[in-house]
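> To be precise about what I am sending: the file is called my_file14.txt and holds compact mmCIF, C-alpha atoms.
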```txt
# COMPACT_ATOMS: atom_id res chain seq x y z
CA MET N 786 -53.11 35.58 -101.16
CA ASP N 787 -56.02 37.43 -102.82
CA GLY N 788 -55.61 40.27 -105.33
CA ALA N 789 -55.94 42.99 -102.71
CA SER N 790 -53.23 41.40 -100.56
CA VAL N 791 -50.92 41.08 -103.54
CA ASN N 792 -51.40 44.74 -104.43
CA LEU N 793 -50.81 45.73 -100.82
CA THR N 794 -47.60 43.72 -100.69
CA GLN N 795 -46.33 45.16 -103.95
CA SER N 796 -47.06 48.72 -102.86
CA LEU N 797 -45.35 48.18 -99.51
CA PHE N 798 -42.13 46.70 -100.79
CA SER N 799 -41.59 47.95 -104.32
CA TRP N 800 -40.97 51.66 -103.53
CA PRO N 801 -41.66 52.62 -107.17
CA TYR N 802 -41.34 56.35 -106.62
CA PHE N 803 -38.68 56.58 -103.94
CA LYS N 804 -35.77 56.81 -106.35
CA GLU N 805 -37.43 59.45 -108.52
CA PHE N 806 -36.01 62.25 -106.40
CA THR N 807 -32.70 60.57 -105.54
CA SER N 808 -30.58 63.70 -105.74
CA PHE N 809 -32.91 65.57 -103.39
CA ILE N 810 -33.04 62.74 -100.87
CA THR N 811 -29.26 62.27 -101.05
CA ILE N 812 -28.85 65.75 -99.60
CA LEU N 813 -31.61 65.59 -96.99
CA THR N 814 -31.56 62.01 -95.73
CA PRO N 815 -28.26 62.12 -93.76
CA ILE N 816 -29.05 65.58 -92.41
CA LEU N 817 -32.50 64.92 -90.95
CA PRO N 818 -31.45 62.56 -88.11
CA ILE N 819 -28.78 65.11 -87.15
CA ILE N 820 -31.42 67.85 -87.00
CA ALA N 821 -33.67 65.61 -84.91
CA LEU N 822 -30.86 64.72 -82.49
CA PHE N 823 -29.92 68.37 -82.09
CA GLY N 824 -33.59 69.24 -81.57
CA LEU N 825 -33.95 66.62 -78.84
CA ILE N 826 -30.92 67.97 -76.99
CA ALA N 827 -32.08 71.56 -77.50
CA ASN N 828 -35.60 70.95 -76.20
CA ILE N 829 -34.41 68.97 -73.19
CA THR N 830 -32.08 71.89 -72.46
CA ASN N 831 -34.97 74.34 -72.82
CA ILE N 832 -37.10 72.36 -70.39
CA VAL N 833 -34.33 72.14 -67.78
CA VAL N 834 -33.51 75.85 -68.04
CA PHE N 835 -37.15 76.96 -67.81
CA LEU N 836 -37.72 74.72 -64.78
CA LYS N 837 -34.64 76.18 -63.11
CA ALA N 838 -35.84 79.70 -63.88
CA GLY N 839 -39.30 78.94 -62.53
CA ILE N 840 -42.61 79.05 -64.37
CA LYS N 841 -43.79 82.45 -63.20
CA ASP N 842 -45.99 83.77 -66.03
CA ASN N 843 -48.07 82.77 -69.02
CA VAL N 844 -45.26 83.22 -71.54
CA THR N 845 -42.92 80.85 -69.71
CA THR N 846 -45.79 78.37 -69.35
CA LEU N 847 -46.35 78.40 -73.10
CA LEU N 848 -42.63 78.21 -73.89
CA ILE N 849 -42.03 75.16 -71.69
CA SER N 850 -45.19 73.54 -73.11
CA LEU N 851 -43.86 74.21 -76.60
CA SER N 852 -40.51 72.63 -75.72
CA VAL N 853 -42.19 69.52 -74.28
CA SER N 854 -44.40 69.15 -77.34
CA ASP N 855 -41.48 69.65 -79.76
CA MET N 856 -39.45 67.10 -77.83
CA MET N 857 -42.24 64.52 -78.03
CA PHE N 858 -42.63 65.16 -81.76
CA LEU N 859 -38.93 64.54 -82.34
CA VAL N 860 -38.89 61.45 -80.08
CA LEU N 861 -41.71 59.86 -82.07
CA VAL N 862 -40.46 60.93 -85.50
CA THR N 863 -36.82 59.82 -85.00
CA PRO N 864 -37.53 56.10 -85.69
CA SER N 865 -39.07 57.18 -89.00
CA LEU N 866 -35.96 59.18 -89.90
CA CYS N 867 -33.64 56.32 -89.00
CA THR N 868 -35.79 53.93 -91.05
CA ARG N 869 -35.54 56.20 -94.08
CA VAL N 870 -31.76 56.43 -93.74
CA ILE N 871 -31.35 52.64 -93.52
CA ILE N 872 -33.72 52.01 -96.45
CA TYR N 873 -31.96 54.55 -98.63
CA PHE N 874 -28.35 53.64 -97.89
CA VAL N 875 -28.79 49.92 -97.11
CA PRO N 876 -31.74 48.84 -99.30
CA ASP N 877 -31.02 45.12 -98.76
CA TRP N 878 -31.11 45.36 -94.98
CA SER N 879 -32.93 42.39 -93.46
CA TRP N 880 -35.87 43.56 -91.37
CA PRO N 881 -37.78 41.36 -88.88
CA PHE N 882 -40.91 43.34 -89.81
CA TYR N 883 -42.15 45.49 -92.69
CA ASN N 884 -39.43 48.07 -93.21
CA ARG N 885 -41.79 51.05 -92.98
CA LEU N 886 -43.66 49.75 -89.93
CA LEU N 887 -42.20 52.26 -87.47
CA ASP N 888 -42.65 55.09 -89.94
CA GLU N 889 -46.33 54.42 -90.57
CA LEU N 890 -47.13 53.36 -87.01
CA LEU N 891 -45.70 56.52 -85.44
CA TYR N 892 -46.58 59.05 -88.15
CA TRP N 893 -49.92 60.22 -86.76
CA PRO N 894 -48.87 60.25 -83.07
CA SER N 895 -45.73 62.24 -83.91
CA TYR N 896 -47.55 64.82 -86.03
CA THR N 897 -50.26 65.10 -83.38
CA PHE N 898 -47.59 66.64 -81.18
CA TYR N 899 -46.40 68.78 -84.08
CA ASP N 900 -49.95 70.11 -84.44
CA PHE N 901 -50.02 70.69 -80.69
CA SER N 902 -46.84 72.77 -81.02
CA SER N 903 -48.53 74.76 -83.78
CA TYR N 904 -51.48 75.58 -81.53
CA ILE N 905 -49.16 76.60 -78.70
CA SER N 906 -47.25 78.88 -81.08
CA VAL N 907 -50.53 80.47 -82.13
CA GLY N 908 -51.39 80.89 -78.46
CA LEU N 909 -48.11 82.73 -77.92
CA GLY N 910 -48.85 85.01 -80.83
CA VAL N 911 -52.41 85.74 -79.72
CA THR N 912 -51.50 86.50 -76.09
CA ARG N 913 -48.63 88.82 -77.01
CA CYS N 914 -50.71 90.49 -79.72
CA ALA N 915 -53.51 91.20 -77.25
CA CYS N 916 -51.12 92.49 -74.60
CA VAL N 917 -49.34 94.77 -77.09
CA ALA N 918 -52.46 96.04 -78.86
CA MET N 919 -54.63 96.48 -75.73
CA PRO N 920 -52.36 96.19 -72.68
CA LEU N 921 -54.81 97.66 -70.16
CA GLN N 922 -57.66 95.34 -71.12
CA PHE N 923 -55.60 92.13 -71.29
CA LYS N 924 -52.88 92.74 -68.69
CA SER N 925 -54.55 90.50 -66.10
CA VAL N 926 -56.45 88.15 -68.44
CA PHE N 927 -53.68 85.74 -69.43
CA THR N 928 -52.69 84.37 -66.04
CA LYS N 929 -50.53 81.30 -65.53
CA ALA N 930 -53.43 79.21 -64.22
CA ARG N 931 -55.64 80.09 -67.19
CA THR N 932 -52.78 79.39 -69.59
CA VAL N 933 -52.26 75.90 -68.12
CA LYS N 934 -55.98 75.18 -68.58
CA ALA N 935 -55.86 76.50 -72.15
CA VAL N 936 -52.87 74.26 -72.98
CA LEU N 937 -54.73 71.21 -71.66
CA VAL N 938 -57.80 72.10 -73.73
CA LEU N 939 -55.66 72.54 -76.85
CA PHE N 940 -54.05 69.14 -76.31
CA ILE N 941 -57.44 67.44 -75.93
CA LEU N 942 -58.65 69.21 -79.08
CA VAL N 943 -55.64 68.13 -81.15
CA VAL N 944 -55.85 64.52 -79.98
CA SER N 945 -59.60 64.45 -80.65
CA ILE N 946 -59.02 65.55 -84.24
CA ARG N 947 -56.46 62.78 -84.83
CA VAL N 948 -58.14 59.92 -82.96
CA PRO N 949 -60.49 58.97 -85.86
CA ILE N 950 -57.67 58.49 -88.38
CA MET N 951 -55.38 56.77 -85.86
CA SER N 952 -58.10 54.34 -84.79
CA THR N 953 -58.49 52.98 -88.34
CA TYR N 954 -55.00 51.46 -88.48
CA ARG N 955 -54.29 47.88 -87.41
CA LEU N 956 -51.28 45.61 -87.25
CA VAL N 957 -51.53 42.93 -89.96
CA TRP N 958 -49.43 40.09 -91.32
CA ILE N 959 -48.29 40.36 -94.94
CA LYS N 960 -45.98 38.31 -97.11
CA ASP N 961 -42.61 39.81 -97.98
CA PRO N 962 -41.84 38.72 -101.59
CA ARG N 963 -38.12 39.17 -101.01
CA THR N 964 -37.91 36.56 -98.27
CA ASN N 965 -41.16 34.70 -98.91
CA SER N 966 -41.99 35.02 -95.22
CA SER N 967 -44.76 36.74 -93.29
CA VAL N 968 -43.93 39.97 -91.48
CA VAL N 969 -45.85 42.41 -89.32
CA SER N 970 -47.09 45.53 -91.08
CA VAL N 971 -49.72 48.20 -90.55
CA ALA N 972 -52.77 48.80 -92.71
CA GLY N 973 -55.83 51.01 -92.58
CA GLN N 974 -59.37 49.67 -92.69
CA ASP N 975 -62.15 51.69 -94.36
CA VAL N 976 -59.99 54.81 -94.21
CA LYS N 977 -61.08 56.58 -97.40
CA SER N 978 -63.79 58.82 -95.93
CA ILE N 979 -61.94 59.38 -92.64
CA THR N 980 -58.73 60.19 -94.49
CA ARG N 981 -60.59 62.69 -96.66
CA PHE N 982 -62.08 64.33 -93.58
CA ASN N 983 -58.68 64.40 -91.91
CA ASP N 984 -57.06 65.91 -95.01
CA ILE N 985 -59.68 68.66 -95.22
CA VAL N 986 -59.96 69.49 -91.52
CA GLY N 987 -56.77 68.41 -89.77
CA HIS N 988 -54.29 68.85 -92.62
CA THR N 989 -55.67 71.89 -94.43
CA SER N 990 -58.49 73.96 -92.87
CA LEU N 991 -57.24 74.21 -89.28
CA PRO N 992 -53.57 74.73 -90.28
CA TRP N 993 -54.66 77.53 -92.61
CA ILE N 994 -56.68 79.13 -89.81
CA ASN N 995 -53.62 78.92 -87.52
CA PHE N 996 -51.43 80.33 -90.28
CA ILE N 997 -53.72 83.32 -90.92
CA ILE N 998 -54.10 84.04 -87.19
CA MET N 999 -50.33 83.94 -86.76
CA ILE N 1000 -49.65 86.30 -89.66
CA THR N 1001 -52.31 88.67 -88.32
CA CYS N 1002 -50.81 88.63 -84.83
CA VAL N 1003 -47.29 89.29 -86.08
CA GLY N 1004 -48.57 92.11 -88.30
CA VAL N 1005 -50.46 93.76 -85.44
CA ILE N 1006 -47.50 93.46 -83.05
CA MET N 1007 -45.08 94.93 -85.59
CA LEU N 1008 -47.49 97.76 -86.43
CA LYS N 1009 -48.04 98.64 -82.76
CA LEU N 1010 -44.31 98.57 -82.02
CA TYR N 1011 -43.63 100.77 -85.05
CA GLN N 1012 -46.29 103.27 -83.97
CA ALA N 1013 -44.91 103.28 -80.43
CA SER N 1014 -41.39 103.76 -81.75
CA MET N 1015 -42.44 106.75 -83.86
CA ALA N 1016 -44.31 108.29 -80.93
CA HIS N 1017 -41.32 107.76 -78.63
CA LYS N 1018 -38.93 109.39 -81.10
CA TYR N 1019 -41.30 112.33 -81.54
CA HIS N 1020 -41.67 112.95 -77.82
CA THR N 1021 -37.94 112.64 -77.29
CA ALA N 1022 -37.04 115.00 -80.13
CA THR N 1023 -39.52 117.70 -79.09
CA SER N 1024 -38.85 117.31 -75.35
CA ILE N 1025 -42.58 117.06 -74.62
CA SER N 1026 -41.87 114.49 -71.93
CA ALA N 1027 -38.68 115.40 -70.08
CA SER N 1028 -38.88 112.40 -67.79
CA ARG N 1029 -39.21 110.03 -70.75
CA SER N 1030 -36.24 111.55 -72.55
CA LYS N 1031 -34.10 111.17 -69.44
CA GLN N 1032 -34.78 107.46 -69.09
CA ALA N 1033 -31.82 105.25 -69.78
CA PRO N 1034 -32.14 103.47 -73.15
CA GLU N 1035 -31.89 100.06 -71.51
CA ALA N 1036 -34.40 100.86 -68.81
CA MET N 1037 -37.39 101.93 -70.90
CA GLY N 1038 -38.57 101.14 -74.39
CA HIS N 1039 -41.55 102.04 -76.56
CA GLN N 1040 -44.32 103.84 -74.68
CA GLY N 1041 -42.92 102.95 -71.28
CA ARG N 1042 -42.34 99.27 -71.97
CA SER N 1043 -39.30 97.92 -70.19
CA ALA N 1044 -36.39 96.44 -72.10
CA LYS N 1045 -37.36 93.06 -70.66
CA ASP N 1046 -40.89 93.36 -72.08
CA LEU N 1047 -39.49 94.29 -75.47
CA ARG N 1048 -37.19 91.27 -75.47
CA VAL N 1049 -40.15 89.02 -74.64
CA ILE N 1050 -42.10 90.52 -77.53
CA GLN N 1051 -39.13 90.08 -79.89
CA CYS N 1052 -38.73 86.48 -78.75
CA VAL N 1053 -42.40 85.69 -79.39
CA VAL N 1054 -42.36 87.44 -82.79
CA LEU N 1055 -39.35 85.39 -83.89
CA ILE N 1056 -40.98 82.14 -82.77
CA CYS N 1057 -44.10 83.14 -84.71
CA CYS N 1058 -42.05 83.97 -87.82
CA ILE N 1059 -40.28 80.60 -87.63
CA PHE N 1060 -43.71 78.97 -87.44
CA ILE N 1061 -44.96 80.92 -90.47
CA VAL N 1062 -41.95 80.05 -92.63
CA SER N 1063 -41.96 76.38 -91.63
CA GLN N 1064 -45.70 75.95 -92.23
CA LEU N 1065 -45.77 77.41 -95.75
CA PRO N 1066 -44.35 74.35 -97.64
CA PHE N 1067 -46.63 72.02 -95.67
CA LEU N 1068 -49.73 74.11 -96.41
CA THR N 1069 -48.82 74.32 -100.09
CA TYR N 1070 -48.40 70.55 -100.17
CA THR N 1071 -51.66 69.65 -98.43
CA THR N 1072 -53.80 72.27 -100.19
CA TYR N 1073 -52.64 71.43 -103.70
CA ARG N 1074 -53.05 67.73 -102.99
CA LEU N 1075 -56.74 68.34 -102.28
CA ILE N 1076 -57.43 70.23 -105.50
CA ASN N 1077 -55.29 68.21 -107.94
CA GLN N 1078 -55.69 64.43 -108.05
CA GLN N 1079 -52.45 64.08 -110.05
CA PHE N 1080 -50.56 65.49 -107.08
CA ASP N 1081 -50.50 62.10 -105.35
CA THR N 1082 -48.34 58.99 -104.97
CA ASP N 1083 -49.76 57.47 -108.14
CA GLY N 1084 -50.25 60.68 -110.14
CA ARG N 1085 -48.24 62.45 -112.81
CA LEU N 1086 -47.01 65.03 -110.29
CA ARG N 1087 -45.68 62.51 -107.79
CA PHE N 1088 -42.17 63.94 -108.13
CA LEU N 1089 -43.44 67.32 -106.88
CA LEU N 1090 -45.46 65.55 -104.20
CA PHE N 1091 -42.41 63.82 -102.74
CA THR N 1092 -40.28 66.93 -103.12
CA PHE N 1093 -42.74 69.20 -101.31
CA GLY N 1094 -43.28 66.47 -98.72
CA ALA N 1095 -39.54 66.24 -98.06
CA VAL N 1096 -39.23 70.03 -97.80
CA GLY N 1097 -42.24 70.21 -95.49
CA ARG N 1098 -40.89 67.49 -93.20
CA THR N 1099 -37.48 69.16 -93.07
CA CYS N 1100 -39.11 72.46 -92.11
CA SER N 1101 -41.11 70.74 -89.38
CA TYR N 1102 -37.93 69.23 -87.88
CA LEU N 1103 -36.19 72.61 -88.00
CA ASN N 1104 -39.21 74.34 -86.50
CA ALA N 1105 -39.06 71.93 -83.55
CA SER N 1106 -35.30 72.41 -83.07
CA VAL N 1107 -34.18 76.01 -83.50
CA ASN N 1108 -36.08 77.88 -80.78
CA ILE N 1109 -33.11 77.46 -78.44
CA PHE N 1110 -31.27 80.15 -80.43
CA VAL N 1111 -34.19 82.55 -79.98
CA TYR N 1112 -34.34 81.94 -76.24
CA TYR N 1113 -30.58 82.33 -75.85
CA ASN N 1114 -30.49 85.67 -77.69
CA TYR N 1115 -33.64 87.29 -76.32
CA ASN N 1116 -34.06 85.89 -72.81
CA ARG N 1117 -31.40 87.07 -70.37
CA THR N 1118 -32.54 84.76 -67.60
CA TYR N 1119 -32.41 81.78 -69.95
CA ARG N 1120 -28.93 82.74 -71.17
CA SER N 1121 -27.63 83.30 -67.65
CA ILE N 1122 -28.89 79.92 -66.39
CA LEU N 1123 -27.63 78.06 -69.45
CA LEU N 1124 -24.17 79.60 -69.23
CA SER N 1125 -23.96 78.83 -65.51
CA MET N 1126 -24.94 75.21 -66.24
CA LEU N 1127 -22.25 74.95 -68.91
CA ARG N 1128 -19.62 76.50 -66.61
CA LEU N 1129 -20.56 74.11 -63.79
CA LYS N 1130 -20.36 71.15 -66.15
CA ARG N 1131 -16.96 72.25 -67.40
CA GLU N 1132 -15.66 72.74 -63.87
CA ASN N 1133 -16.88 69.29 -62.84
CA ALA N 1134 -15.21 67.77 -65.91
CA GLN N 1135 -11.91 69.39 -64.92
```
Using structure tokens, write down the structure that the file contains.

Amino acid sequence: MDGASVNLTQSLFSWPYFKEFTSFITILTPILPIIALFGLIANITNIVVFLKAGIKDNVTTLLISLSVSDMMFLVLVTPSLCTRVIIYFVPDWSWPFYNRLLDELLYWPSYTFYDFSSYISVGLGVTRCACVAMPLQFKSVFTKARTVKAVLVLFILVVSIRVPIMSTYRLVWIKDPRTNSSVVSVAGQDVKSITRFNDIVGHTSLPWINFIIMITCVGVIMLKLYQASMAHKYHTATSISASRSKQAPEAMGHQGRSAKDLRVIQCVVLICCIFIVSQLPFLTYTTYRLINQQFDTDGRLRFLLFTFGAVGRTCSYLNASVNIFVYYNYNRTYRSILLSMLRLKRENAQ
């Protein structure tokens, strides 16, 4: 083997930095597959419930698209999680291929769907923000048909951004020094410039743009709801609008919005807030890695690199798994269908 192959083999099998954050990994490693499994069940449940309810508007279209994308992300990332668990707890496990093959082979496809989920979440925020801030102008703009087309365009965009980096990787044969046998691995070819481009555009610039748009949308929605709430309280207290003051609390909300509309807005705001919180560690990780060369796998700050990476991955798994709680609490139709499904299942079991 030449020098490059030897270095590749050593880097693949030695894991020189993996044990540097043992205590952190000890806590996270067993938990992550559980989160992923729960997320898979939750997103499948979301898809079934939304299909039963019927895809009648743009919000439901985006929510079911988000559930499908999150499910695909978790399906593709689960082999990576299982690999990490086996490597950590059974380091001498005999593999028929390079032990990180599944992890590295499925990394970019899985996080392509995670990026797709991010864009859908931003779409939710933008559509609700527009409808809350300027309801008359945008009431008929975001139709279901247009939303479906927009989702398809977003998917093509996300895949197009990731295709260059994914196309550089090839399956190769390398020698495992532990068994002195050749095994299948994955390696990139001429990836330096493409990786740099991907880090700047796909991992940093576009996520930051999404992040800023999302924060702006949430801020505008909260401001408009606050202003509407103050106006509603004022009109009620001064009896300027007798008909408004006589409306049942559950029937009408801020500035004539129905309770159903308010629950939809609350649901979208919570999904956006989950996105914002989950993206922050990832953005910190990718941005600092660009500006500090020591924040890398072979740098002085590798401990922080792996720590932020582990936190960012954990947040991404949670982000793809917890929306079921939001839907259950803020969508009456969703809750009603889910409870009826659970009752039917329990009756059939009896």
> Write out as a tab-separated table the residues of range 824-935 of chain N that have any atom within 9 Å of an atom of range 1003-1017 of chain N, one row each with the nearest atom pair and its distance in Å to one decimal, counting all atoms listed in the file, sorted by chain and then rising number.

```
residue	atom	partner	partner_atom	distance
N:Gly910	CA	N:Val1003	CA	7.0
N:Val911	CA	N:Val1003	CA	8.9
N:Arg913	CA	N:Ile1006	CA	7.7
N:Cys914	CA	N:Ile1006	CA	5.5
N:Ala915	CA	N:Ile1006	CA	8.7
N:Val917	CA	N:Ile1006	CA	6.4
N:Ala918	CA	N:Lys1009	CA	6.4
```
> Would you save the residues of that selection, restricted to C-alpha atoms, as an mmCIF file, in the coordinates of the input?

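This went into out_15.cif:
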```cif
data_model
loop_
_atom_site.group_PDB
_atom_site.id
_atom_site.type_symbol
_atom_site.label_atom_id
_atom_site.label_comp_id
_atom_site.auth_asym_id
_atom_site.auth_seq_id
_atom_site.Cartn_x
_atom_site.Cartn_y
_atom_site.Cartn_z
ATOM 1 C CA GLY N 910 -48.850 85.010 -80.830
ATOM 2 C CA VAL N 911 -52.410 85.740 -79.720
ATOM 3 C CA ARG N 913 -48.630 88.820 -77.010
ATOM 4 C CA CYS N 914 -50.710 90.490 -79.720
ATOM 5 C CA ALA N 915 -53.510 91.200 -77.250
ATOM 6 C CA VAL N 917 -49.340 94.770 -77.090
ATOM 7 C CA ALA N 918 -52.460 96.040 -78.860
#
```
> Box time for range 1064-1076 of chain N: axis-aligned, enclosing all its listed atoms, 6 Å extra on each side; report centre and edge lengths in Å to one decimal, as lines of an AutoDock Vina configuration file.

```
center_x = -50.9
center_y = 72.6
center_z = -98.9
size_x = 25.1
size_y = 21.7
size_z = 25.3
```
> Could you state the separation of CA of Gly1097 in chain N and CA of Leu956 in chain N in Å, given to one decimal place?
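These two atoms are separated by 27.5 Å.
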> With a distance cut-off of 10 Å and all atoms listed in the file, select the neighbouring residues of range 1113-1129 of chain N, excluding the residue or stretch itself and same-chain residues fewer than 3 positions from it, and output the selection as a ChimeraX atom specification.
/N:830-831,833-835,837-838,1045,1047-1053,1055,1108-1110,1132-1135
> Could you check which of N:Trp958, N:Phe1080, N:Phe927, N:Phe898 is closest to Leu939 in chain N, using all atoms listed in the file?
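Smallest separation from Leu939 in chain N among the options: N:Phe898.
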> Name all residues at most 6 Å from range 863-867 of chain N (count all atoms listed in the file; drop same-chain ones fewer than 4 positions away) and give them as a list of chain:residue names.
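These residues fall inside the cut-off: N:Pro818, N:Leu859, N:Asp888.
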> Those same residues - C-alpha atoms - I'd like them written as a compact mmCIF listing (two decimals), in the coordinates of the input.

```txt
# COMPACT_ATOMS: atom_id res chain seq x y z
CA PRO N 818 -31.45 62.56 -88.11
CA LEU N 859 -38.93 64.54 -82.34
CA ASP N 888 -42.65 55.09 -89.94
```
> Calculated over only C-alpha atoms, which of the candidates N:Leu886, N:Leu1068, N:Leu825, N:Leu937 has the smallest distance to Arg1098 in chain N?
N:Leu1068
> Restricting the calculation to only C-alpha atoms, which member of N:Tyr896, N:Tyr904, N:Phe1091, N:Phe996 is positioned closest to Met857 in chain N?
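Ranked by minimum distance to Met857 in chain N, first place goes to N:Tyr896.
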> Choose the residue, out of N:Leu836, N:Ile1076, N:Leu1090, N:Ile1056, that has the smallest atom-to-atom separation from Asn1104 in chain N; count all atoms listed in the file.
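Smallest distance to Asn1104 in chain N is found for N:Ile1056.
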> May I ask for the distance between CA of Ile985 in chain N and CA of Ile941 in chain N, given in Å to one decimal place?
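The value is 19.5 Å.
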> Quick one: pull the distance between CA of Phe982 in chain N and CA of Phe1067 in chain N, Å, one decimal.
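Interatomic distance, CA of Phe982 in chain N to CA of Phe1067 in chain N: 17.4 Å.
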> Would you please work out which residue, of N:Ala935, N:Met856, N:Ile872, N:Leu890, is nearest to Ala827 in chain N when using only C-alpha atoms?
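Of N:Ala935, N:Met856, N:Ile872, N:Leu890, the one nearest Ala827 in chain N is N:Met856, counting only C-alpha atoms.
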